[in-house]
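Next comes my_file-v9.cif, with mmCIF, C-alpha atoms.
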data_work
loop_
_atom_site.label_atom_id
_atom_site.label_comp_id
_atom_site.auth_asym_id
_atom_site.auth_seq_id
_atom_site.Cartn_x
_atom_site.Cartn_y
_atom_site.Cartn_z
CA MET A 26 -46.67 -37.46 -32.38
CA PRO A 27 -47.15 -41.13 -33.40
CA ALA A 28 -50.28 -41.91 -35.41
CA THR A 29 -51.26 -44.63 -32.94
CA ALA A 30 -51.79 -41.93 -30.32
CA VAL A 31 -54.15 -39.89 -32.51
CA LYS A 32 -57.69 -39.84 -31.16
CA GLU A 33 -60.02 -38.78 -33.92
CA ALA A 34 -63.72 -38.24 -33.27
CA LYS A 35 -65.41 -38.55 -36.65
CA LEU A 36 -68.45 -36.34 -37.07
CA GLY A 37 -69.25 -37.12 -40.71
CA PRO A 38 -70.38 -34.58 -43.30
CA ALA A 39 -70.67 -31.00 -42.08
CA SER A 40 -74.49 -31.05 -42.15
CA LYS A 41 -74.57 -34.02 -39.75
CA ALA A 42 -71.85 -32.51 -37.57
CA LEU A 43 -74.02 -29.46 -37.07
CA LYS A 44 -76.85 -31.61 -35.73
CA LYS A 45 -74.50 -33.59 -33.47
CA LEU A 46 -73.04 -30.41 -32.04
CA SER A 47 -76.51 -28.93 -31.56
CA ASP A 48 -77.26 -31.75 -29.12
CA LYS A 49 -74.24 -30.87 -26.98
CA VAL A 50 -74.06 -28.53 -24.02
CA ASN A 51 -73.98 -24.87 -24.99
CA THR A 52 -70.45 -23.99 -23.95
CA ASP A 53 -68.89 -20.87 -25.47
CA ASP A 54 -66.52 -23.03 -27.50
CA SER A 55 -69.20 -25.33 -28.91
CA MET A 56 -71.27 -22.29 -29.88
CA THR A 57 -68.28 -20.77 -31.65
CA VAL A 58 -67.71 -24.00 -33.56
CA ARG A 59 -71.40 -24.23 -34.45
CA ARG A 60 -71.27 -20.70 -35.78
CA GLU A 61 -68.34 -21.64 -38.01
CA LEU A 62 -70.32 -24.62 -39.32
CA GLU A 63 -73.36 -22.49 -40.05
CA GLU A 64 -71.44 -19.70 -41.75
CA ALA A 65 -69.07 -21.84 -43.81
CA PRO A 66 -69.39 -21.46 -47.59
CA ALA A 67 -71.48 -24.05 -49.44
CA ARG A 68 -68.44 -25.94 -50.75
CA TYR A 69 -67.62 -26.99 -47.18
CA ARG A 70 -70.85 -28.99 -46.80
CA LYS A 71 -69.39 -32.15 -48.33
CA ALA A 72 -66.32 -32.07 -46.11
CA ILE A 73 -65.98 -35.05 -43.78
CA THR A 74 -65.54 -33.36 -40.43
CA SER A 75 -63.76 -34.66 -37.38
CA ILE A 76 -62.16 -33.50 -34.16
CA TYR A 77 -58.72 -34.30 -32.76
CA ARG A 78 -58.48 -32.98 -29.26
CA ASP A 79 -54.73 -33.31 -28.73
CA ASP A 80 -52.74 -30.11 -29.12
CA VAL A 81 -50.58 -30.46 -32.23
CA PHE A 82 -47.94 -28.15 -30.73
CA ARG A 83 -47.28 -30.44 -27.81
CA GLY A 84 -43.66 -31.47 -28.28
CA ILE A 85 -42.40 -28.52 -30.34
CA SER A 86 -39.20 -26.69 -29.50
CA PRO A 87 -39.99 -23.00 -30.06
CA GLN A 88 -37.62 -20.17 -30.89
CA PHE A 89 -39.89 -17.69 -29.09
CA PRO A 90 -40.42 -17.08 -26.19
CA THR A 91 -36.78 -17.37 -25.13
CA LEU A 92 -37.86 -18.85 -21.82
CA LEU A 93 -39.30 -21.89 -23.64
CA GLN A 94 -36.25 -22.56 -25.79
CA GLU A 95 -34.53 -25.89 -25.35
CA ALA A 96 -31.56 -24.54 -23.35
CA SER A 97 -30.44 -24.71 -19.75
CA GLU A 98 -29.45 -21.03 -19.59
CA HIS A 99 -30.98 -17.90 -21.08
CA LEU A 100 -29.56 -14.37 -21.24
CA MET A 101 -32.04 -11.50 -21.32
CA GLY A 102 -32.89 -8.09 -19.91
CA VAL A 103 -35.22 -7.61 -16.95
CA ALA A 104 -38.01 -6.04 -19.03
CA GLU A 105 -37.84 -8.89 -21.55
CA PHE A 106 -37.89 -11.47 -18.77
CA LEU A 107 -40.88 -9.86 -17.07
CA GLY A 108 -42.71 -9.68 -20.40
CA GLU A 109 -42.00 -13.34 -21.14
CA LEU A 110 -43.07 -14.41 -17.66
CA ASP A 111 -46.36 -12.59 -18.08
CA LEU A 112 -46.85 -14.16 -21.52
CA VAL A 113 -46.03 -17.71 -20.41
CA LEU A 114 -48.19 -17.39 -17.29
CA ASN A 115 -51.06 -16.41 -19.61
CA MET A 116 -50.53 -19.49 -21.78
CA GLY A 117 -51.77 -22.07 -19.34
CA GLU A 118 -52.70 -23.06 -15.87
CA ILE A 119 -50.96 -25.65 -13.79
CA GLY A 120 -54.28 -27.27 -12.84
CA ASP A 121 -55.46 -27.61 -16.46
CA PRO A 122 -54.47 -30.95 -18.02
CA GLU A 123 -54.78 -29.42 -21.49
CA SER A 124 -52.16 -26.78 -20.75
CA ASN A 125 -48.99 -27.27 -22.75
CA VAL A 126 -46.91 -24.83 -20.69
CA TYR A 127 -46.73 -23.62 -17.12
CA ILE A 128 -44.28 -22.32 -14.55
CA TYR A 129 -43.91 -24.17 -11.27
CA ALA A 130 -41.70 -21.68 -9.46
CA LEU A 131 -38.83 -19.26 -9.75
CA GLN A 132 -36.07 -18.30 -7.36
CA VAL A 133 -33.59 -15.45 -7.40
CA VAL A 134 -30.20 -17.02 -6.74
CA GLU A 135 -28.08 -13.88 -7.19
CA PRO A 136 -27.54 -11.59 -5.44
CA THR A 137 -27.51 -13.51 -2.19
CA ASP A 138 -28.36 -10.42 -0.14
CA LEU A 139 -31.62 -9.88 -2.05
CA LYS A 140 -33.69 -9.56 1.13
CA GLU A 141 -31.95 -6.34 2.16
CA ARG A 142 -32.52 -4.77 -1.27
CA LEU A 143 -36.26 -5.44 -1.63
CA ASP A 144 -38.88 -2.76 -1.17
CA ARG A 145 -40.63 -4.11 1.93
CA GLU A 146 -43.60 -1.79 1.58
CA THR A 147 -44.49 -3.05 -1.90
CA LEU A 148 -44.20 -6.64 -0.75
CA GLU A 149 -46.38 -6.07 2.30
CA ILE A 150 -49.09 -4.34 0.26
CA TYR A 151 -49.39 -6.88 -2.53
CA CYS A 152 -48.03 -10.18 -1.29
CA PRO A 153 -50.39 -12.67 0.38
CA PRO A 154 -49.20 -13.01 4.01
CA LYS A 155 -48.55 -16.75 3.69
CA SER A 156 -46.10 -16.17 0.80
CA LEU A 157 -44.30 -13.14 2.24
CA ILE A 158 -41.31 -14.93 3.80
CA GLU A 159 -40.73 -17.02 0.67
CA LEU A 160 -40.90 -13.95 -1.55
CA GLN A 161 -38.51 -12.00 0.69
CA ASN A 162 -36.10 -14.87 0.12
CA GLY A 163 -36.52 -14.54 -3.64
CA TYR A 164 -38.86 -17.50 -4.12
CA ALA A 165 -42.19 -17.31 -5.95
CA ARG A 166 -44.48 -20.20 -6.64
CA HIS A 167 -48.10 -20.97 -7.47
CA GLU A 168 -49.77 -18.58 -5.02
CA ILE A 169 -47.84 -15.67 -6.51
CA LEU A 170 -47.67 -16.84 -10.12
CA TYR A 171 -51.22 -18.02 -10.73
CA ASP A 172 -53.55 -17.11 -7.87
CA MET A 173 -53.22 -13.33 -7.91
CA LEU A 174 -54.55 -10.60 -10.17
CA ASP A 175 -52.13 -10.23 -13.10
CA LEU A 176 -51.49 -6.58 -12.23
CA HIS A 177 -50.58 -7.32 -8.60
CA ARG A 178 -48.48 -10.33 -9.59
CA ASN A 179 -46.55 -8.23 -12.09
CA ILE A 180 -45.91 -5.50 -9.52
CA LEU A 181 -44.50 -8.10 -7.13
CA LEU A 182 -42.38 -9.83 -9.76
CA GLY A 183 -41.11 -6.47 -11.00
CA SER A 184 -40.17 -5.50 -7.47
CA LEU A 185 -38.39 -8.83 -6.96
CA LEU A 186 -36.58 -9.06 -10.28
CA LYS A 187 -35.29 -5.50 -10.59
CA HIS A 188 -32.58 -6.49 -8.12
CA ALA A 189 -31.91 -9.94 -9.59
CA LYS A 190 -28.81 -11.01 -11.52
CA LYS A 191 -29.54 -14.70 -11.82
CA VAL A 192 -32.87 -16.51 -11.52
CA ARG A 193 -33.64 -20.21 -11.50
CA VAL A 194 -36.94 -21.18 -13.16
CA TRP A 195 -38.79 -24.48 -12.98
CA LEU A 196 -41.25 -24.86 -15.83
CA LYS A 197 -42.95 -27.28 -18.19
CA PRO A 198 -42.04 -26.29 -21.74
CA PRO A 199 -43.90 -27.66 -24.79
CA TRP A 200 -40.93 -29.89 -25.73
CA SER A 201 -41.06 -31.91 -22.51
CA SER A 202 -43.72 -33.55 -20.40
CA HIS A 203 -41.52 -33.10 -17.31
CA LYS A 204 -40.49 -30.26 -15.06
CA ILE A 205 -37.37 -28.54 -16.45
CA GLU A 206 -34.96 -26.33 -14.55
CA SER A 207 -33.27 -23.47 -16.34
CA THR A 208 -31.31 -20.40 -15.33
CA VAL A 209 -31.97 -16.88 -16.53
CA VAL A 210 -28.99 -14.52 -16.40
CA LEU A 211 -30.21 -10.95 -16.38
CA ALA A 212 -28.17 -8.39 -18.31
CA MET B 20 -57.64 -4.47 -20.57
CA PRO B 21 -55.97 -6.88 -23.00
CA THR B 22 -53.62 -9.54 -21.65
CA THR B 23 -49.97 -9.63 -22.69
CA ARG B 24 -50.76 -12.48 -25.07
CA GLN B 25 -53.66 -10.61 -26.67
CA ALA B 26 -51.46 -7.53 -27.12
CA LEU B 27 -48.71 -9.68 -28.62
CA LEU B 28 -51.21 -11.30 -30.97
CA ALA B 29 -52.44 -7.92 -32.21
CA GLY B 30 -48.90 -6.52 -32.50
CA VAL B 31 -47.58 -9.51 -34.43
CA LEU B 32 -50.55 -9.66 -36.79
CA ARG B 33 -50.10 -5.96 -37.56
CA ARG B 34 -46.75 -6.93 -39.07
CA VAL B 35 -48.44 -9.46 -41.32
CA GLY B 36 -51.29 -7.36 -42.68
CA ARG B 37 -54.81 -6.23 -41.94
CA PHE B 38 -57.10 -8.71 -40.24
CA SER B 39 -60.79 -8.84 -39.54
CA ILE B 40 -63.12 -11.30 -37.85
CA ASN B 41 -66.36 -10.36 -39.56
CA LYS B 42 -66.66 -13.16 -42.09
CA PHE B 43 -65.91 -16.89 -42.07
CA GLN B 44 -62.95 -16.42 -44.42
CA ASP B 45 -61.55 -13.59 -42.26
CA ARG B 46 -61.58 -15.80 -39.16
CA LEU B 47 -60.12 -18.67 -41.14
CA ARG B 48 -57.22 -16.44 -42.16
CA VAL B 49 -56.58 -15.40 -38.55
CA GLN B 50 -56.60 -19.01 -37.37
CA LYS B 51 -54.29 -20.28 -40.08
CA SER B 52 -51.90 -17.31 -39.86
CA VAL B 53 -51.30 -17.91 -36.17
CA TYR B 54 -51.11 -21.67 -36.69
CA LEU B 55 -48.38 -21.21 -39.31
CA LEU B 56 -46.59 -18.62 -37.18
CA GLN B 57 -46.40 -21.18 -34.38
CA ALA B 58 -45.23 -23.81 -36.89
CA PHE B 59 -42.27 -21.49 -37.53
CA GLY B 60 -41.42 -21.62 -33.82
CA ILE B 61 -42.92 -18.31 -32.75
CA TYR B 62 -45.12 -19.77 -30.09
CA LEU B 63 -47.94 -17.69 -28.66
CA GLY B 64 -49.15 -20.62 -26.57
CA TYR B 65 -52.33 -21.38 -28.48
CA ASN B 66 -53.38 -25.02 -28.40
CA PHE B 67 -54.48 -26.18 -31.84
CA ASN B 68 -56.78 -29.13 -32.38
CA TRP B 69 -58.27 -30.37 -35.63
CA TYR B 70 -61.75 -28.89 -35.47
CA LEU B 71 -64.08 -29.91 -38.31
CA TYR B 72 -62.21 -28.46 -41.31
CA GLY B 73 -58.66 -28.04 -40.07
CA PRO B 74 -56.40 -26.60 -37.36
CA TYR B 75 -58.41 -24.46 -34.96
CA SER B 76 -57.81 -22.91 -31.56
CA PRO B 77 -60.82 -21.90 -29.44
CA ALA B 78 -58.58 -19.73 -27.22
CA LEU B 79 -57.30 -17.88 -30.28
CA ALA B 80 -60.89 -17.36 -31.48
CA ARG B 81 -61.72 -15.75 -28.12
CA ASP B 82 -58.61 -13.53 -28.13
CA ALA B 83 -59.16 -12.51 -31.75
CA PHE B 84 -62.70 -11.34 -30.92
CA GLU B 85 -61.24 -9.26 -28.07
CA VAL B 86 -58.38 -7.49 -29.81
CA LEU B 87 -58.68 -7.58 -33.57
CA PRO B 88 -61.50 -5.00 -33.70
CA ILE B 89 -59.13 -2.59 -31.91
CA THR B 90 -55.89 -3.71 -33.52
CA ASP B 91 -54.93 -0.16 -34.56
CA ARG B 92 -54.33 0.62 -30.88
CA PHE B 93 -51.38 -1.78 -30.83
CA GLU B 94 -47.95 -1.06 -32.20
CA PRO B 95 -46.35 -3.61 -34.57
CA GLN B 96 -44.48 -6.06 -32.34
CA PRO B 97 -40.73 -6.57 -32.89
CA PHE B 98 -38.84 -9.42 -31.22
CA PHE B 99 -35.82 -8.95 -28.94
CA GLU B 100 -33.75 -11.78 -30.42
CA ALA B 101 -32.30 -11.55 -33.93
CA ALA B 102 -32.90 -15.29 -34.44
CA THR B 103 -36.61 -14.80 -33.73
CA GLU B 104 -36.74 -11.94 -36.23
CA GLU B 105 -35.15 -14.27 -38.80
CA ARG B 106 -37.83 -16.88 -38.14
CA PHE B 107 -40.49 -14.21 -38.52
CA ALA B 108 -38.96 -13.06 -41.81
CA SER B 109 -38.95 -16.68 -42.96
CA PHE B 110 -42.64 -16.97 -42.00
CA LEU B 111 -43.46 -13.86 -44.06
CA LYS B 112 -41.46 -15.24 -46.98
CA PHE B 113 -43.36 -18.51 -46.71
CA LEU B 114 -46.68 -16.67 -46.93
CA GLY B 115 -45.40 -14.48 -49.77
CA ASP B 116 -48.19 -13.19 -51.97
CA ARG B 117 -50.60 -15.78 -50.52
CA LYS B 118 -50.88 -14.07 -47.12
CA ASP B 119 -54.37 -12.81 -47.93
CA ASP B 120 -55.52 -16.14 -49.38
CA PRO B 121 -57.36 -18.06 -46.62
CA GLN B 122 -57.90 -21.15 -48.76
CA TRP B 123 -54.19 -21.54 -49.48
CA MET B 124 -53.43 -21.04 -45.80
CA GLU B 125 -56.03 -23.65 -44.92
CA LEU B 126 -54.36 -26.03 -47.38
CA VAL B 127 -50.81 -25.68 -46.03
CA GLY B 128 -51.93 -25.49 -42.38
CA SER B 129 -53.96 -28.69 -42.75
CA LEU B 130 -51.15 -30.51 -44.55
CA HIS B 131 -48.73 -29.47 -41.83
CA MET B 132 -51.03 -30.59 -39.05
CA LEU B 133 -51.88 -33.95 -40.65
CA ASN B 134 -48.17 -34.52 -41.17
CA ARG B 135 -47.60 -33.91 -37.45
CA LEU B 136 -50.36 -36.41 -36.69
CA TYR B 137 -49.78 -39.03 -39.39
CA GLY B 138 -46.33 -38.24 -40.77
CA GLU B 139 -45.01 -41.74 -40.20
CA LYS B 140 -47.69 -43.14 -42.52
CA GLY B 141 -46.39 -41.14 -45.46
CA ARG B 142 -47.54 -38.41 -47.78
CA GLU B 143 -50.08 -40.53 -49.69
CA THR B 144 -52.02 -41.31 -46.50
CA ILE B 145 -52.08 -37.63 -45.63
CA PHE B 146 -53.30 -36.72 -49.11
CA LYS B 147 -56.07 -39.33 -48.91
CA LYS B 148 -57.24 -37.98 -45.57
CA MET B 149 -57.14 -34.46 -46.96
CA ALA B 150 -59.22 -35.47 -49.97
CA LYS B 151 -62.02 -36.62 -47.65
CA LYS B 152 -61.74 -33.83 -45.14
CA GLN B 153 -61.35 -31.04 -47.68
CA PRO B 154 -62.87 -32.18 -50.99
CA TYR B 155 -62.97 -28.57 -52.17
CA LEU B 156 -59.16 -28.64 -52.54
CA THR B 157 -57.62 -30.36 -55.55
CA GLU B 158 -54.79 -32.90 -55.76
CA ALA B 159 -52.70 -30.33 -57.66
CA GLN B 160 -53.17 -27.86 -54.80
CA ARG B 161 -52.14 -30.50 -52.27
CA ILE B 162 -48.98 -31.28 -54.23
CA ALA B 163 -48.10 -27.59 -54.55
CA GLY B 164 -48.82 -26.96 -50.86
CA TRP B 165 -46.71 -29.92 -49.80
CA GLN B 166 -43.82 -28.69 -51.94
CA ARG B 167 -44.06 -25.25 -50.37
CA LEU B 168 -43.91 -26.80 -46.89
CA ARG B 169 -40.90 -28.91 -47.94
CA ASP B 170 -39.10 -25.85 -49.34
CA PHE B 171 -39.29 -24.32 -45.86
CA GLU B 172 -38.49 -27.59 -44.05
CA LEU B 173 -41.88 -27.67 -42.36
CA VAL B 174 -42.59 -31.27 -43.41
#
Kindly transcribe the structure held in the file into structure tokens.
Amino acid sequence: MPATAVKEAKLGPASKALKKLSDKVNTDDSMTVRRELEEAPARYRKAITSIYRDDVFRGISPQFPTLLQEASEHLMGVAEFLGELDLVLNMGEIGDPESNVYIYALQVVEPTDLKERLDRETLEIYCPPKSLIELQNGYARHEILYDMLDLHRNILLGSLLKHAKKVRVWLKPPWSSHKIESTVVLA
Amino acid sequence: MPTTRQALLAGVLRRVGRFSINKFQDRLRVQKSVYLLQAFGIYLGYNFNWYLYGPYSPALARDAFEVLPITDRFEPQPFFEAATEERFASFLKFLGDRKDDPQWMELVGSLHMLNRLYGEKGRETIFKKMAKKQPYLTEAQRIAGWQRLRDFELV
């Protein structure tokens, strides 16, 4: 992250910062920060406070989760993959500009006869009607990944992926500002 | 019901030690532990900004309030990949006997973050910024903290 891109909002000594923050809207986050200011030990009062809003982890190449590693292919078990999907889907939201990570879509590419293997009843109960045909063809995108209750989404993804051998995933990892395609080979 | 990320947070922190959110220093320790964990490449997806005194994640603060009071309900969380376990072991080694020392964690977390932000300007610039932002830390502490980060290739 180059220093020229750093946007620092200087709030001055902690005592002044408290007053400045008191004038702001009472969001949950600003109240949490105010509480930290109020409860900080006395030695913190002389600290020159400031705020940088950019996420410092934008641009990192993590070791965990596997799905976010800088590689074009990942090998993992179905349970691990489902767990990582749930975790990564919890990390951000595609419509939130502050999100560092999100998943655009995934598609089962093997086996090719997936449609015949799927449990139609589960799909019909939980899948929104407009996404049913796509899901039967092994494709899940925003409506499935982000717009459903987590529990229902996980039931659908579990039903889809228990038959999968190879899955293509399109996501935005922290190490890139672009959409990346990777393949997950399921053991 | 906790989310997968909240459960992971509780499970991972159980492997580090006992955590609380009751006092300022307890919450500081939670924030800096997770910041440093992510600096070691074990990414729980928490965005960290510089908030007043150092690295801080509002989303982590919310999740910590949800799960840390009930952390005993979660099993310690292992990682599937051996390479991730190695990173975690390295993180624990980095903390060493300072894992319960929130001020030391604040020191190394802040140095790491300022290096990410201003690294190209050099160590002296970072130390000067630190001296203003955290006057309660000494130059000797900054030098020792920087050396610790260098030993683990974090700066």
- Task: Spell out the residues picked by the PyMOL selection byres ((chain A) within 8 of (chain B)) here, as a VMD selection string.
- Result: chain A and resid 26 to 28 31 36 39 54 57 to 58 61 64 to 66 68 to 69 71 to 82 85 to 90 105 108 111 to 113 115 to 117 124 to 126
- Task: Might you pull out every residue within 7 Å of stretch 127-133 of chain A, with only C-alpha atoms counted and same-chain residues fewer than 6 positions away left off, and present them as a list in words?
- Result: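 Counting only C-alpha atoms, the residues come to Val113, Leu114, Gly117, Glu118, Ile119, Gly163, Tyr164, Ala165, Arg166, His167, Ala189, Lys191, Val192, Arg193, Val194, Trp195, Leu196 and Lys197 of chain A.
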- Could you write out as a ChimeraX atom specification the residues that the PyMOL selection byres ((chain A and resi 148-152) around 10) matches in the shown file? /A:143-147,153-158,160-161,168-169,173-174,176-178,180-182,184-185
- Spatial neighbours of B:Leu87, 8 Å, only C-alpha atoms, chain gap at least 6 places, as a ChimeraX atom specification: /B:29,38-40
- If you measure from atom CA of B:Leu126 to atom CA of B:Arg161, what distance in Å do you get, rounded to one decimal? 7.0 Å
Listed atoms of stretch 79-83 of chain B, axis-aligned box, 4 Å per side: centre and edge lengths to one decimal in Å, as lines of an AutoDock Vina configuration file?
center_x = -59.5
center_y = -15.2
center_z = -29.9
size_x = 12.4
size_y = 13.4
size_z = 11.6
- Which neighbours of B:Ile89 fall inside 12 Å, counting all atoms listed in the file, when residues of the same chain fewer than 3 positions from it are skipped, and could you give them as number ranges by chain? B: 20-21, 25-26, 28-30, 33, 37-40, 82-86, 92-94
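Relative to atom CA of B:Arg48, atom CA of B:Pro121 is found at 4.7 Å.
We find atom CA of B:Leu168 and atom CA of B:Arg34 to be spaced 21.5 Å apart.
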Kindly output stretch 119-142 of chain B as a short mmCIF file (atom, residue, chain, number, x, y, z; two decimals), keeping the file's coordinate frame, after building N, CA and C atoms.
data_model
loop_
_atom_site.label_atom_id
_atom_site.label_comp_id
_atom_site.auth_asym_id
_atom_site.auth_seq_id
_atom_site.Cartn_x
_atom_site.Cartn_y
_atom_site.Cartn_z
N ASP B 119 -52.96 -13.21 -48.03
CA ASP B 119 -54.37 -12.81 -47.93
C ASP B 119 -55.30 -13.87 -48.51
N ASP B 120 -54.77 -15.06 -48.74
CA ASP B 120 -55.52 -16.14 -49.38
C ASP B 120 -55.86 -17.22 -48.34
N PRO B 121 -57.04 -17.12 -47.70
CA PRO B 121 -57.36 -18.06 -46.62
C PRO B 121 -57.41 -19.52 -47.06
N GLN B 122 -57.81 -19.75 -48.31
CA GLN B 122 -57.90 -21.15 -48.76
C GLN B 122 -56.52 -21.79 -48.90
N TRP B 123 -55.56 -21.02 -49.40
CA TRP B 123 -54.19 -21.54 -49.48
C TRP B 123 -53.63 -21.79 -48.08
N MET B 124 -53.92 -20.87 -47.17
CA MET B 124 -53.43 -21.04 -45.80
C MET B 124 -54.08 -22.25 -45.13
N GLU B 125 -55.35 -22.47 -45.44
CA GLU B 125 -56.03 -23.65 -44.92
C GLU B 125 -55.37 -24.92 -45.45
N LEU B 126 -55.02 -24.89 -46.74
CA LEU B 126 -54.36 -26.03 -47.38
C LEU B 126 -53.04 -26.36 -46.68
N VAL B 127 -52.14 -25.37 -46.57
CA VAL B 127 -50.81 -25.68 -46.03
C VAL B 127 -50.87 -25.94 -44.52
N GLY B 128 -51.78 -25.24 -43.82
CA GLY B 128 -51.93 -25.49 -42.38
C GLY B 128 -52.43 -26.90 -42.13
N SER B 129 -53.40 -27.34 -42.93
CA SER B 129 -53.96 -28.69 -42.75
C SER B 129 -52.94 -29.76 -43.10
N LEU B 130 -52.20 -29.55 -44.19
CA LEU B 130 -51.15 -30.51 -44.55
C LEU B 130 -50.11 -30.61 -43.43
N HIS B 131 -49.74 -29.48 -42.90
CA HIS B 131 -48.73 -29.47 -41.83
C HIS B 131 -49.24 -30.23 -40.61
N MET B 132 -50.50 -29.95 -40.26
CA MET B 132 -51.03 -30.59 -39.05
C MET B 132 -51.19 -32.10 -39.26
N LEU B 133 -51.71 -32.50 -40.40
CA LEU B 133 -51.88 -33.95 -40.65
C LEU B 133 -50.52 -34.64 -40.71
N ASN B 134 -49.51 -33.93 -41.18
CA ASN B 134 -48.17 -34.52 -41.17
C ASN B 134 -47.66 -34.71 -39.75
N ARG B 135 -47.99 -33.76 -38.88
CA ARG B 135 -47.60 -33.91 -37.45
C ARG B 135 -48.32 -35.12 -36.85
N LEU B 136 -49.58 -35.32 -37.27
CA LEU B 136 -50.36 -36.41 -36.69
C LEU B 136 -50.05 -37.76 -37.33
N TYR B 137 -49.89 -37.77 -38.65
CA TYR B 137 -49.78 -39.03 -39.39
C TYR B 137 -48.51 -39.14 -40.23
N GLY B 138 -47.53 -38.31 -39.94
CA GLY B 138 -46.33 -38.24 -40.77
C GLY B 138 -45.69 -39.58 -41.03
N GLU B 139 -45.70 -40.45 -40.04
CA GLU B 139 -45.01 -41.74 -40.20
C GLU B 139 -45.71 -42.64 -41.23
N LYS B 140 -46.96 -42.32 -41.54
CA LYS B 140 -47.69 -43.14 -42.52
C LYS B 140 -47.44 -42.70 -43.96
N GLY B 141 -46.77 -41.57 -44.11
CA GLY B 141 -46.39 -41.14 -45.46
C GLY B 141 -47.35 -40.14 -46.09
N ARG B 142 -46.82 -39.50 -47.13
CA ARG B 142 -47.54 -38.41 -47.78
C ARG B 142 -48.85 -38.88 -48.41
#
